[in-house]
Amino acid sequence: MDWSSWWATYSTLVLSIGVYGLMALSISLTLSCGLLSLANAAFMGIGAYVSAVSTLQYGLSFPSALLLGTLAPSSVALVIGVPVLRLSGVYLAMATLGFGEVVRVVALNLDITGGPLGLNGIPLFTEWWHVLLSVVAVLLLLQALRHSRIGRAFEAIREDETAARLMGIATHRIKLLAFVLGAAIAGLAGGLNAHYTFTLSPGNFGFENAVDILTMAILGGIQGLLGPLLGGAIITLLPELLRSLQEFRMAANGVILIAVVLFLPHGIWAPRRLARWLKKRSKHADA
Amino acid sequence: MLTLDRISRQFGGVTALEQVSLTVPSGQVFGLIGPNGAGKTTVFNLITGLFPPSSGEMHFQGQSLLGLPPYRIATRGIARTFQNIRLFSEMSLIDNVIVGMHAHLDYPIWDAVLRTPRFRAMERNARMEAHHLLQRVGLGDLSQELAGNLSYGNQRKLEIARALATQPRLLLLDEPVAGMNATEKNAVMALIESLRQDHLTVFMIEHDMRFVMGLCDTVAVLNFGRIIAEGTPSAIQSNPAVIEAYLGQEDTAS
């Protein structure tokens, strides 16, 4: 198989690895604040619809469509984040899932989103380097945040929110920042996704997708930025790799996840576990 | 510096504090003692804004503290430690201390994203200052260790360093030497003494009488949510009401 036919067969899969890497990074932002928010699939949907409508119906350029697709979900996040982030734990998860349902039903009933039929004939603007560039830019941004007061505040809030507040951290603002930034990244991923899949339908961004995205981040691990990327790649590839199992592949998918969560509670990529392990080894080597 | 004026607090039907009035003068080491369950930690929780008083007034440096969220009270200059240690246990010691500097590391977010010279300078200074604070509490050699791996006594010292990192004018210490051995207690005593030299006001809850009597300028005694005595350590030690609170009433029949 030569390169061009390989790419013709697998380009969607390769681009999806990048896009779902972005999605896993987006949910890892709220997770790293200790927030179990499941709104990211809906934010991705908003980004996808807004950018697809921009190019398809208003003839906007791809970059401006992506920009709108990033801004729209983050504005929504800013508005719903203020009341919703007062919740925590399972209540936050339920509220954000409810929000996802609202977005799905709205997309199902609006004319501009094509109703239940969705949108068809979205121009195929997304190139591999758009995805790569987005992943690299998001990685650089998140890496810079991790090593600043913002990243430390995320971690402090996750470990002990009360102590963080008493150390002078405006925790509600920091959590809102994580939520809005996560929505922006999800919107970007959605915009990229819409412009290589050709079609969008309301079912693409529902409950199953929300859970998949969460699974990617948990599976990969959120201690480092490589974890979510790895988790995104694995969950995207797994159905393809397990194709030979046919109807049992979803079950195999589940078994693999259970095994990882049981045996690697911090995910596959956990720099701190690695550091401990290396330390132990070097101690043995010294002895 | 800090005044509580007839502060009361009820939890459901239970009165935890009743008409508590206290004045912590600037520059002093002020002690609050009392039997278990007297409501001492509740006093700290009210001062730091974790919950509001049911009635009464609180002022810090002449300004009311009522209605302020905890992070604002912290930035006004009140820092605290916790009786049941609340460190960020999966973070390194130095990062725990730098979290305490959050409000003072006030570079805008884009400075961090672009890694501007201002950002680098502020982060470098913070790291150096955090090292100094760790050295000051005697944990200078452990800066890269995870906070959760520290011994109980060292965790209490780290809490003090983290509280100092917020640059407080009033430091609230909730049982700073609980669970410490004699050597560790002496080190903390010397530390608090040096904080006094730096004109920091310290308000502490402690059960260790030798510690309280050796450090405090003024001691107040809380029993069943009420202040029953206030005065110099020696006056408190011979106060009949205090002795009664701790040892029970003398049997008058015998």
# chains A, B, ... in the order shown; residues from 1 in each chain; ligands from 1

call {"tool": "interface_residues", "arguments": {"of": "chain B", "to": "chain A", "cutoff": "7 Å", "atoms": "only C-alpha atoms", "output": "ChimeraX atom specification"}}
result
/B:70-72,74-75,86,88,99-100,102-103,112-113,166

call {"tool": "residues_around", "arguments": {"residues": "Leu214 of chain A", "least_positions_apart": "4", "cutoff": "9 Å", "atoms": "only C-alpha atoms", "output": "ChimeraX atom specification"}}
result
/A:23-24,27-28,36-38,40,209-210,218-219

call {"tool": "write_last_selection", "arguments": {"atoms": "N, CA and C atoms", "output": "compact mmCIF listing (two decimals), in the first residue's frame"}}
result
# COMPACT_ATOMS: atom_id res chain seq x y z
N MET A 23 -9.42 16.70 23.27
CA MET A 23 -10.57 16.56 24.16
C MET A 23 -10.14 16.05 25.54
N ALA A 24 -9.23 15.07 25.53
CA ALA A 24 -8.77 14.54 26.82
C ALA A 24 -8.01 15.62 27.60
N ILE A 27 -10.62 17.99 29.20
CA ILE A 27 -11.27 17.55 30.44
C ILE A 27 -10.25 17.40 31.57
N SER A 28 -8.98 17.21 31.22
CA SER A 28 -7.96 17.07 32.27
C SER A 28 -7.77 18.39 33.02
N LEU A 36 -15.32 17.10 38.59
CA LEU A 36 -15.80 16.08 37.68
C LEU A 36 -16.87 16.71 36.79
N SER A 37 -16.40 17.39 35.74
CA SER A 37 -17.32 18.04 34.80
C SER A 37 -17.41 17.21 33.54
N LEU A 38 -18.63 16.91 33.10
CA LEU A 38 -18.82 16.09 31.90
C LEU A 38 -19.41 16.91 30.76
N ASN A 40 -17.71 18.54 28.51
CA ASN A 40 -16.78 18.78 27.40
C ASN A 40 -17.28 18.29 26.05
N ASN A 209 -20.21 9.94 24.23
CA ASN A 209 -19.00 10.69 23.92
C ASN A 209 -18.42 11.33 25.19
N ALA A 210 -19.32 11.87 26.03
CA ALA A 210 -18.87 12.51 27.27
C ALA A 210 -18.11 11.50 28.14
N ILE A 218 -8.78 9.62 32.28
CA ILE A 218 -8.51 8.77 33.45
C ILE A 218 -7.52 7.65 33.08
N LEU A 219 -7.76 7.07 31.91
CA LEU A 219 -6.91 5.97 31.45
C LEU A 219 -5.48 6.44 31.25

call {"tool": "residues_around", "arguments": {"residues": "Ala42 of chain A", "least_positions_apart": "4", "cutoff": "8 Å", "atoms": "only C-alpha atoms", "output": "VMD selection string"}}
result
chain A and resid 46 99 to 100 103 to 104 205 to 206 210

call {"tool": "write_last_selection", "arguments": {"atoms": "all heavy atoms", "output": "PDB file, in the first residue's frame"}}
result
ATOM      1  N   ILE A  46     -20.838  22.273  20.473  1.00  0.00           N
ATOM      2  CA  ILE A  46     -21.103  23.689  20.180  1.00  0.00           C
ATOM      3  C   ILE A  46     -20.041  24.214  19.222  1.00  0.00           C
ATOM      4  O   ILE A  46     -20.337  24.878  18.219  1.00  0.00           O
ATOM      5  CB  ILE A  46     -21.117  24.525  21.485  1.00  0.00           C
ATOM      6  CG1 ILE A  46     -22.280  24.086  22.382  1.00  0.00           C
ATOM      7  CG2 ILE A  46     -21.239  26.008  21.160  1.00  0.00           C
ATOM      8  CD1 ILE A  46     -22.289  24.762  23.755  1.00  0.00           C
ATOM      9  N   PHE A  99     -26.583  19.549  31.181  1.00  0.00           N
ATOM     10  CA  PHE A  99     -26.266  20.591  30.204  1.00  0.00           C
ATOM     11  C   PHE A  99     -26.002  19.974  28.832  1.00  0.00           C
ATOM     12  O   PHE A  99     -26.468  20.476  27.801  1.00  0.00           O
ATOM     13  CB  PHE A  99     -25.049  21.385  30.687  1.00  0.00           C
ATOM     14  CG  PHE A  99     -24.418  22.240  29.627  1.00  0.00           C
ATOM     15  CD1 PHE A  99     -25.037  23.395  29.179  1.00  0.00           C
ATOM     16  CD2 PHE A  99     -23.196  21.877  29.068  1.00  0.00           C
ATOM     17  CE1 PHE A  99     -24.463  24.169  28.188  1.00  0.00           C
ATOM     18  CE2 PHE A  99     -22.613  22.649  28.083  1.00  0.00           C
ATOM     19  CZ  PHE A  99     -23.249  23.793  27.641  1.00  0.00           C
ATOM     20  N   GLY A 100     -25.287  18.857  28.820  1.00  0.00           N
ATOM     21  CA  GLY A 100     -25.000  18.161  27.563  1.00  0.00           C
ATOM     22  C   GLY A 100     -26.285  17.743  26.855  1.00  0.00           C
ATOM     23  O   GLY A 100     -26.406  17.888  25.636  1.00  0.00           O
ATOM     24  N   VAL A 103     -27.890  20.746  25.227  1.00  0.00           N
ATOM     25  CA  VAL A 103     -27.229  21.110  23.973  1.00  0.00           C
ATOM     26  C   VAL A 103     -27.666  20.168  22.854  1.00  0.00           C
ATOM     27  O   VAL A 103     -27.983  20.590  21.732  1.00  0.00           O
ATOM     28  CB  VAL A 103     -25.693  21.082  24.146  1.00  0.00           C
ATOM     29  CG1 VAL A 103     -24.991  21.212  22.799  1.00  0.00           C
ATOM     30  CG2 VAL A 103     -25.256  22.193  25.082  1.00  0.00           C
ATOM     31  N   ARG A 104     -27.745  18.868  23.172  1.00  0.00           N
ATOM     32  CA  ARG A 104     -28.140  17.887  22.155  1.00  0.00           C
ATOM     33  C   ARG A 104     -29.568  18.166  21.660  1.00  0.00           C
ATOM     34  O   ARG A 104     -29.836  18.177  20.457  1.00  0.00           O
ATOM     35  CB  ARG A 104     -28.056  16.471  22.741  1.00  0.00           C
ATOM     36  CG  ARG A 104     -28.156  15.362  21.706  1.00  0.00           C
ATOM     37  CD  ARG A 104     -28.078  13.992  22.371  1.00  0.00           C
ATOM     38  NE  ARG A 104     -29.227  13.704  23.216  1.00  0.00           N
ATOM     39  CZ  ARG A 104     -30.391  13.237  22.767  1.00  0.00           C
ATOM     40  NH1 ARG A 104     -30.552  12.982  21.490  1.00  0.00           N
ATOM     41  NH2 ARG A 104     -31.381  13.018  23.601  1.00  0.00           N
ATOM     42  N   PHE A 205     -22.423  14.097  19.990  1.00  0.00           N
ATOM     43  CA  PHE A 205     -21.826  14.757  21.152  1.00  0.00           C
ATOM     44  C   PHE A 205     -22.633  14.486  22.417  1.00  0.00           C
ATOM     45  O   PHE A 205     -22.794  15.328  23.269  1.00  0.00           O
ATOM     46  CB  PHE A 205     -21.697  16.255  20.892  1.00  0.00           C
ATOM     47  CG  PHE A 205     -20.978  16.548  19.610  1.00  0.00           C
ATOM     48  CD1 PHE A 205     -21.675  16.948  18.475  1.00  0.00           C
ATOM     49  CD2 PHE A 205     -19.609  16.363  19.518  1.00  0.00           C
ATOM     50  CE1 PHE A 205     -21.004  17.192  17.290  1.00  0.00           C
ATOM     51  CE2 PHE A 205     -18.938  16.603  18.333  1.00  0.00           C
ATOM     52  CZ  PHE A 205     -19.641  17.014  17.207  1.00  0.00           C
ATOM     53  N   GLY A 206     -23.178  13.301  22.508  1.00  0.00           N
ATOM     54  CA  GLY A 206     -24.048  12.977  23.634  1.00  0.00           C
ATOM     55  C   GLY A 206     -23.323  12.315  24.788  1.00  0.00           C
ATOM     56  O   GLY A 206     -22.096  12.438  24.955  1.00  0.00           O
ATOM     57  N   ALA A 210     -19.316  11.866  26.027  1.00  0.00           N
ATOM     58  CA  ALA A 210     -18.867  12.506  27.275  1.00  0.00           C
ATOM     59  C   ALA A 210     -18.113  11.496  28.142  1.00  0.00           C
ATOM     60  O   ALA A 210     -17.059  11.807  28.708  1.00  0.00           O
ATOM     61  CB  ALA A 210     -20.069  13.072  28.033  1.00  0.00           C
TER      62      ALA A 210
END

call {"tool": "residues_around", "arguments": {"residues": "Gly254 of chain A", "least_positions_apart": "5", "cutoff": "12 Å", "atoms": "only C-alpha atoms", "output": "list of chain:residue names"}}
result
A:Asp212, A:Thr215, A:Leu219, A:Ile235, A:Leu238, A:Pro239, A:Leu242, A:Phe248, A:Arg249, A:Ala259, A:Val260, A:Val261

call {"tool": "atom_distance", "arguments": {"atom1": "atom CA of Ala217 of chain A", "atom2": "atom CA of Phe154 of chain A"}}
result
16.2 Å

call {"tool": "residues_around", "arguments": {"residues": "Arg210 of chain B", "least_positions_apart": "2", "cutoff": "12 Å", "atoms": "only C-alpha atoms", "output": "list of chain:residue names"}}
result
B:Val177, B:Ala182, B:Lys185, B:Asn186, B:Met189, B:Glu206, B:His207, B:Asp208, B:Val212, B:Met213, B:Gly214, B:Leu215, B:Cys216, B:Pro233, B:Ser234, B:Gln237

call {"tool": "write_last_selection", "arguments": {"atoms": "N, CA, C and O atoms", "output": "PDB file, in the first residue's frame"}}
result
ATOM      1  N   VAL B 177       2.128  22.589  68.470  1.00  0.00           N
ATOM      2  CA  VAL B 177       3.093  21.568  68.907  1.00  0.00           C
ATOM      3  C   VAL B 177       2.419  20.244  69.298  1.00  0.00           C
ATOM      4  O   VAL B 177       3.069  19.371  69.882  1.00  0.00           O
ATOM      5  N   ALA B 182       9.928  16.741  72.640  1.00  0.00           N
ATOM      6  CA  ALA B 182      10.451  17.914  73.351  1.00  0.00           C
ATOM      7  C   ALA B 182      11.397  18.751  72.492  1.00  0.00           C
ATOM      8  O   ALA B 182      11.340  19.985  72.500  1.00  0.00           O
ATOM      9  N   LYS B 185       9.400  20.674  70.010  1.00  0.00           N
ATOM     10  CA  LYS B 185       8.671  21.756  70.678  1.00  0.00           C
ATOM     11  C   LYS B 185       9.583  22.952  70.931  1.00  0.00           C
ATOM     12  O   LYS B 185       9.192  24.100  70.711  1.00  0.00           O
ATOM     13  N   ASN B 186      10.812  22.664  71.373  1.00  0.00           N
ATOM     14  CA  ASN B 186      11.750  23.765  71.634  1.00  0.00           C
ATOM     15  C   ASN B 186      12.059  24.535  70.362  1.00  0.00           C
ATOM     16  O   ASN B 186      12.173  25.756  70.374  1.00  0.00           O
ATOM     17  N   MET B 189       9.169  26.718  69.626  1.00  0.00           N
ATOM     18  CA  MET B 189       9.165  27.819  70.596  1.00  0.00           C
ATOM     19  C   MET B 189      10.142  28.921  70.164  1.00  0.00           C
ATOM     20  O   MET B 189       9.798  30.104  70.164  1.00  0.00           O
ATOM     21  N   GLU B 206      -3.359  26.270  72.218  1.00  0.00           N
ATOM     22  CA  GLU B 206      -2.419  25.207  72.560  1.00  0.00           C
ATOM     23  C   GLU B 206      -2.811  24.567  73.886  1.00  0.00           C
ATOM     24  O   GLU B 206      -3.378  25.222  74.759  1.00  0.00           O
ATOM     25  N   HIS B 207      -2.532  23.287  73.986  1.00  0.00           N
ATOM     26  CA  HIS B 207      -2.816  22.582  75.232  1.00  0.00           C
ATOM     27  C   HIS B 207      -1.582  22.472  76.125  1.00  0.00           C
ATOM     28  O   HIS B 207      -1.701  22.279  77.328  1.00  0.00           O
ATOM     29  N   ASP B 208      -0.407  22.551  75.512  1.00  0.00           N
ATOM     30  CA  ASP B 208       0.829  22.364  76.258  1.00  0.00           C
ATOM     31  C   ASP B 208       1.080  23.594  77.135  1.00  0.00           C
ATOM     32  O   ASP B 208       1.422  24.667  76.635  1.00  0.00           O
ATOM     33  N   VAL B 212       2.587  27.376  76.400  1.00  0.00           N
ATOM     34  CA  VAL B 212       1.745  28.575  76.475  1.00  0.00           C
ATOM     35  C   VAL B 212       2.325  29.564  77.483  1.00  0.00           C
ATOM     36  O   VAL B 212       2.480  30.758  77.194  1.00  0.00           O
ATOM     37  N   MET B 213       2.669  29.053  78.661  1.00  0.00           N
ATOM     38  CA  MET B 213       3.133  29.947  79.718  1.00  0.00           C
ATOM     39  C   MET B 213       4.487  30.555  79.370  1.00  0.00           C
ATOM     40  O   MET B 213       4.790  31.680  79.737  1.00  0.00           O
ATOM     41  N   GLY B 214       5.290  29.815  78.619  1.00  0.00           N
ATOM     42  CA  GLY B 214       6.613  30.316  78.272  1.00  0.00           C
ATOM     43  C   GLY B 214       6.594  31.375  77.180  1.00  0.00           C
ATOM     44  O   GLY B 214       7.515  32.185  77.083  1.00  0.00           O
ATOM     45  N   LEU B 215       5.564  31.371  76.342  1.00  0.00           N
ATOM     46  CA  LEU B 215       5.568  32.248  75.172  1.00  0.00           C
ATOM     47  C   LEU B 215       4.605  33.421  75.257  1.00  0.00           C
ATOM     48  O   LEU B 215       4.894  34.516  74.781  1.00  0.00           O
ATOM     49  N   CYS B 216       3.420  33.161  75.840  1.00  0.00           N
ATOM     50  CA  CYS B 216       2.334  34.122  75.666  1.00  0.00           C
ATOM     51  C   CYS B 216       2.466  35.346  76.566  1.00  0.00           C
ATOM     52  O   CYS B 216       2.865  35.245  77.722  1.00  0.00           O
ATOM     53  N   PRO B 233      -0.020  35.006  81.942  1.00  0.00           N
ATOM     54  CA  PRO B 233       0.056  33.575  82.243  1.00  0.00           C
ATOM     55  C   PRO B 233       0.045  33.278  83.734  1.00  0.00           C
ATOM     56  O   PRO B 233      -0.665  32.365  84.179  1.00  0.00           O
ATOM     57  N   SER B 234       0.781  34.049  84.525  1.00  0.00           N
ATOM     58  CA  SER B 234       0.852  33.725  85.962  1.00  0.00           C
ATOM     59  C   SER B 234      -0.494  33.983  86.638  1.00  0.00           C
ATOM     60  O   SER B 234      -0.908  33.226  87.521  1.00  0.00           O
ATOM     61  N   GLN B 237      -2.786  31.069  85.797  1.00  0.00           N
ATOM     62  CA  GLN B 237      -2.457  29.816  86.485  1.00  0.00           C
ATOM     63  C   GLN B 237      -3.051  29.747  87.881  1.00  0.00           C
ATOM     64  O   GLN B 237      -3.347  28.667  88.379  1.00  0.00           O
TER      65      GLN B 237
END

call {"tool": "select_by_dssp", "arguments": {"residues": "segment 8-246 of chain B", "states": "alpha helix (DSSP H)", "output": "PyMOL selection string"}}
result
chain B and resi 40-47+70-76+93-100+109-114+117-136+152-165+182-197+209-215+233-237+240-246

call {"tool": "select_by_dssp", "arguments": {"residues": "segment 42-233 of chain B", "states": "strand (DSSP E)", "output": "PyMOL selection string"}}
result
chain B and resi 55-60+63-64+78-80+170-174+201-205+218-223+226-231

call {"tool": "write_last_selection", "arguments": {"atoms": "N, CA and C atoms", "output": "short mmCIF file (atom, residue, chain, number, x, y, z; two decimals), in the first residue's frame"}}
result
data_model
loop_
_atom_site.label_atom_id
_atom_site.label_comp_id
_atom_site.auth_asym_id
_atom_site.auth_seq_id
_atom_site.Cartn_x
_atom_site.Cartn_y
_atom_site.Cartn_z
N SER B 55 -23.95 36.09 65.61
CA SER B 55 -24.09 37.51 65.95
C SER B 55 -22.75 38.02 66.46
N GLY B 56 -22.60 39.33 66.51
CA GLY B 56 -21.36 39.91 67.00
C GLY B 56 -20.55 40.55 65.89
N GLU B 57 -19.48 41.21 66.28
CA GLU B 57 -18.64 41.96 65.34
C GLU B 57 -17.20 41.46 65.42
N MET B 58 -16.49 41.50 64.26
CA MET B 58 -15.06 41.19 64.26
C MET B 58 -14.35 42.26 63.46
N HIS B 59 -13.27 42.79 64.02
CA HIS B 59 -12.49 43.80 63.29
C HIS B 59 -11.03 43.41 63.27
N PHE B 60 -10.41 43.64 62.12
CA PHE B 60 -8.97 43.42 61.98
C PHE B 60 -8.37 44.71 61.46
N GLN B 63 -10.88 47.30 60.44
CA GLN B 63 -11.88 47.02 59.41
C GLN B 63 -12.65 45.76 59.74
N SER B 64 -13.93 45.79 59.45
CA SER B 64 -14.78 44.63 59.76
C SER B 64 -14.41 43.45 58.88
N ILE B 78 -4.26 37.74 57.45
CA ILE B 78 -4.47 36.73 58.49
C ILE B 78 -4.17 35.36 57.90
N ALA B 79 -3.22 34.65 58.48
CA ALA B 79 -2.89 33.31 58.00
C ALA B 79 -3.10 32.33 59.14
N ARG B 80 -3.29 31.06 58.82
CA ARG B 80 -3.52 30.10 59.89
C ARG B 80 -2.91 28.74 59.58
N LEU B 170 -1.07 38.82 61.10
CA LEU B 170 -1.56 38.04 62.23
C LEU B 170 -1.49 36.58 61.86
N LEU B 171 -0.82 35.80 62.71
CA LEU B 171 -0.67 34.36 62.45
C LEU B 171 -1.48 33.58 63.48
N LEU B 172 -2.42 32.77 62.99
CA LEU B 172 -3.23 31.94 63.88
C LEU B 172 -2.66 30.53 63.88
N LEU B 173 -2.24 30.07 65.04
CA LEU B 173 -1.66 28.72 65.13
C LEU B 173 -2.60 27.84 65.94
N ASP B 174 -3.11 26.78 65.30
CA ASP B 174 -4.04 25.89 65.99
C ASP B 174 -3.27 24.65 66.48
N THR B 201 2.20 39.45 64.92
CA THR B 201 1.28 39.13 66.00
C THR B 201 0.87 37.66 65.87
N VAL B 202 0.95 36.94 66.99
CA VAL B 202 0.63 35.51 66.96
C VAL B 202 -0.54 35.25 67.91
N PHE B 203 -1.51 34.50 67.40
CA PHE B 203 -2.68 34.12 68.19
C PHE B 203 -2.71 32.60 68.15
N MET B 204 -2.47 31.95 69.31
CA MET B 204 -2.40 30.50 69.24
C MET B 204 -3.31 29.78 70.23
N ILE B 205 -3.76 28.62 69.74
CA ILE B 205 -4.49 27.67 70.58
C ILE B 205 -3.49 26.59 70.93
N THR B 218 -0.36 37.29 76.82
CA THR B 218 -1.70 37.26 77.40
C THR B 218 -2.33 35.91 77.09
N VAL B 219 -3.10 35.41 78.03
CA VAL B 219 -3.79 34.14 77.82
C VAL B 219 -5.27 34.35 78.13
N ALA B 220 -6.13 33.83 77.25
CA ALA B 220 -7.57 33.82 77.52
C ALA B 220 -8.01 32.37 77.66
N VAL B 221 -8.99 32.15 78.50
CA VAL B 221 -9.46 30.78 78.73
C VAL B 221 -10.91 30.66 78.29
N LEU B 222 -11.15 29.67 77.42
CA LEU B 222 -12.49 29.43 76.90
C LEU B 222 -13.02 28.14 77.51
N ASN B 223 -14.23 28.20 78.02
CA ASN B 223 -14.85 26.98 78.57
C ASN B 223 -16.33 26.98 78.21
N ARG B 226 -17.57 30.10 76.43
CA ARG B 226 -17.49 31.42 77.05
C ARG B 226 -16.07 31.69 77.51
N ILE B 227 -15.69 32.97 77.45
CA ILE B 227 -14.40 33.35 78.01
C ILE B 227 -14.58 33.45 79.52
N ILE B 228 -13.80 32.64 80.26
CA ILE B 228 -13.97 32.67 81.71
C ILE B 228 -12.84 33.42 82.41
N ALA B 229 -11.74 33.66 81.69
CA ALA B 229 -10.66 34.43 82.31
C ALA B 229 -9.74 34.95 81.24
N GLU B 230 -9.06 36.04 81.52
CA GLU B 230 -8.07 36.57 80.60
C GLU B 230 -7.03 37.32 81.43
N GLY B 231 -5.77 37.15 81.08
CA GLY B 231 -4.75 37.85 81.85
C GLY B 231 -3.36 37.32 81.53
#

call {"tool": "residues_around", "arguments": {"residues": "Gly221 of chain A", "least_positions_apart": "2", "cutoff": "8 Å", "atoms": "only C-alpha atoms", "output": "short mmCIF file (atom, residue, chain, number, x, y, z; two decimals) with all heavy atoms, in the first residue's frame"}}
result
data_model
loop_
_atom_site.label_atom_id
_atom_site.label_comp_id
_atom_site.auth_asym_id
_atom_site.auth_seq_id
_atom_site.Cartn_x
_atom_site.Cartn_y
_atom_site.Cartn_z
N ALA A 217 -9.01 10.54 29.65
CA ALA A 217 -8.17 11.28 30.60
C ALA A 217 -7.79 10.39 31.79
O ALA A 217 -6.66 10.40 32.25
CB ALA A 217 -8.88 12.54 31.06
N ILE A 218 -8.78 9.62 32.28
CA ILE A 218 -8.51 8.77 33.45
C ILE A 218 -7.52 7.65 33.08
O ILE A 218 -6.60 7.35 33.81
CB ILE A 218 -9.82 8.13 33.97
CG1 ILE A 218 -10.84 9.20 34.30
CG2 ILE A 218 -9.55 7.19 35.15
CD1 ILE A 218 -10.66 9.88 35.60
N LEU A 219 -7.76 7.07 31.91
CA LEU A 219 -6.91 5.97 31.45
C LEU A 219 -5.48 6.44 31.25
O LEU A 219 -4.53 5.81 31.71
CB LEU A 219 -7.47 5.42 30.13
CG LEU A 219 -6.66 4.33 29.43
CD1 LEU A 219 -6.82 3.03 30.20
CD2 LEU A 219 -7.16 4.14 28.00
N GLN A 223 -1.52 13.30 35.64
CA GLN A 223 -0.36 13.89 36.33
C GLN A 223 0.53 14.66 35.36
O GLN A 223 1.15 15.64 35.72
CB GLN A 223 0.46 12.80 37.01
CG GLN A 223 -0.07 12.45 38.39
CD GLN A 223 0.80 11.42 39.06
OE1 GLN A 223 1.94 11.16 38.65
NE2 GLN A 223 0.27 10.80 40.09
N GLY A 224 0.61 14.16 34.13
CA GLY A 224 1.41 14.85 33.12
C GLY A 224 0.55 15.10 31.90
O GLY A 224 -0.54 14.55 31.77
N GLY A 227 -0.27 12.04 29.38
CA GLY A 227 -1.29 11.08 29.75
C GLY A 227 -2.57 11.21 28.93
O GLY A 227 -2.99 10.24 28.28
N PRO A 228 -3.20 12.39 28.95
CA PRO A 228 -4.43 12.56 28.17
C PRO A 228 -4.23 12.26 26.68
O PRO A 228 -5.11 11.65 26.06
CB PRO A 228 -4.78 14.03 28.39
CG PRO A 228 -4.16 14.38 29.69
CD PRO A 228 -2.90 13.57 29.79
N GLY A 231 -4.13 8.55 26.38
CA GLY A 231 -5.46 8.00 26.60
C GLY A 231 -6.36 8.25 25.39
O GLY A 231 -7.10 7.35 24.96
N HIS A 266 -3.47 5.83 38.84
CA HIS A 266 -3.13 7.18 38.37
C HIS A 266 -3.04 7.24 36.86
O HIS A 266 -2.54 8.21 36.30
CB HIS A 266 -1.83 7.67 38.99
CG HIS A 266 -1.96 7.95 40.46
ND1 HIS A 266 -2.70 8.99 40.95
CD2 HIS A 266 -1.48 7.29 41.52
CE1 HIS A 266 -2.67 8.97 42.28
NE2 HIS A 266 -1.93 7.95 42.65
N GLY A 267 -3.49 6.18 36.18
CA GLY A 267 -3.43 6.16 34.73
C GLY A 267 -2.13 5.56 34.23
O GLY A 267 -1.25 5.20 35.02
N ILE A 268 -2.07 5.45 32.90
CA ILE A 268 -0.90 4.79 32.32
C ILE A 268 0.35 5.65 32.48
O ILE A 268 1.41 5.17 32.84
CB ILE A 268 -1.16 4.50 30.83
CG1 ILE A 268 -2.30 3.49 30.70
CG2 ILE A 268 0.10 3.99 30.14
CD1 ILE A 268 -2.77 3.29 29.29
N TRP A 269 0.19 6.93 32.20
CA TRP A 269 1.33 7.84 32.25
C TRP A 269 1.30 8.60 33.56
O TRP A 269 0.52 9.54 33.74
CB TRP A 269 1.31 8.80 31.06
CG TRP A 269 2.42 9.81 31.09
CD1 TRP A 269 2.30 11.14 31.34
CD2 TRP A 269 3.81 9.57 30.86
NE1 TRP A 269 3.53 11.75 31.30
CE2 TRP A 269 4.48 10.80 31.00
CE3 TRP A 269 4.56 8.42 30.57
CZ2 TRP A 269 5.86 10.92 30.85
CZ3 TRP A 269 5.94 8.55 30.43
CH2 TRP A 269 6.57 9.79 30.56
N ALA A 270 2.12 8.18 34.52
CA ALA A 270 2.14 8.82 35.84
C ALA A 270 3.59 9.14 36.20
O ALA A 270 4.30 8.30 36.74
CB ALA A 270 1.51 7.91 36.88
#

call {"tool": "residues_around", "arguments": {"residues": "Gly148 of chain B", "least_positions_apart": "6", "cutoff": "9 Å", "atoms": "only C-alpha atoms", "output": "list in words"}}
result
Leu87, Phe88, Ser89, Glu90, Met91, Ser92 and Gln155 of chain B
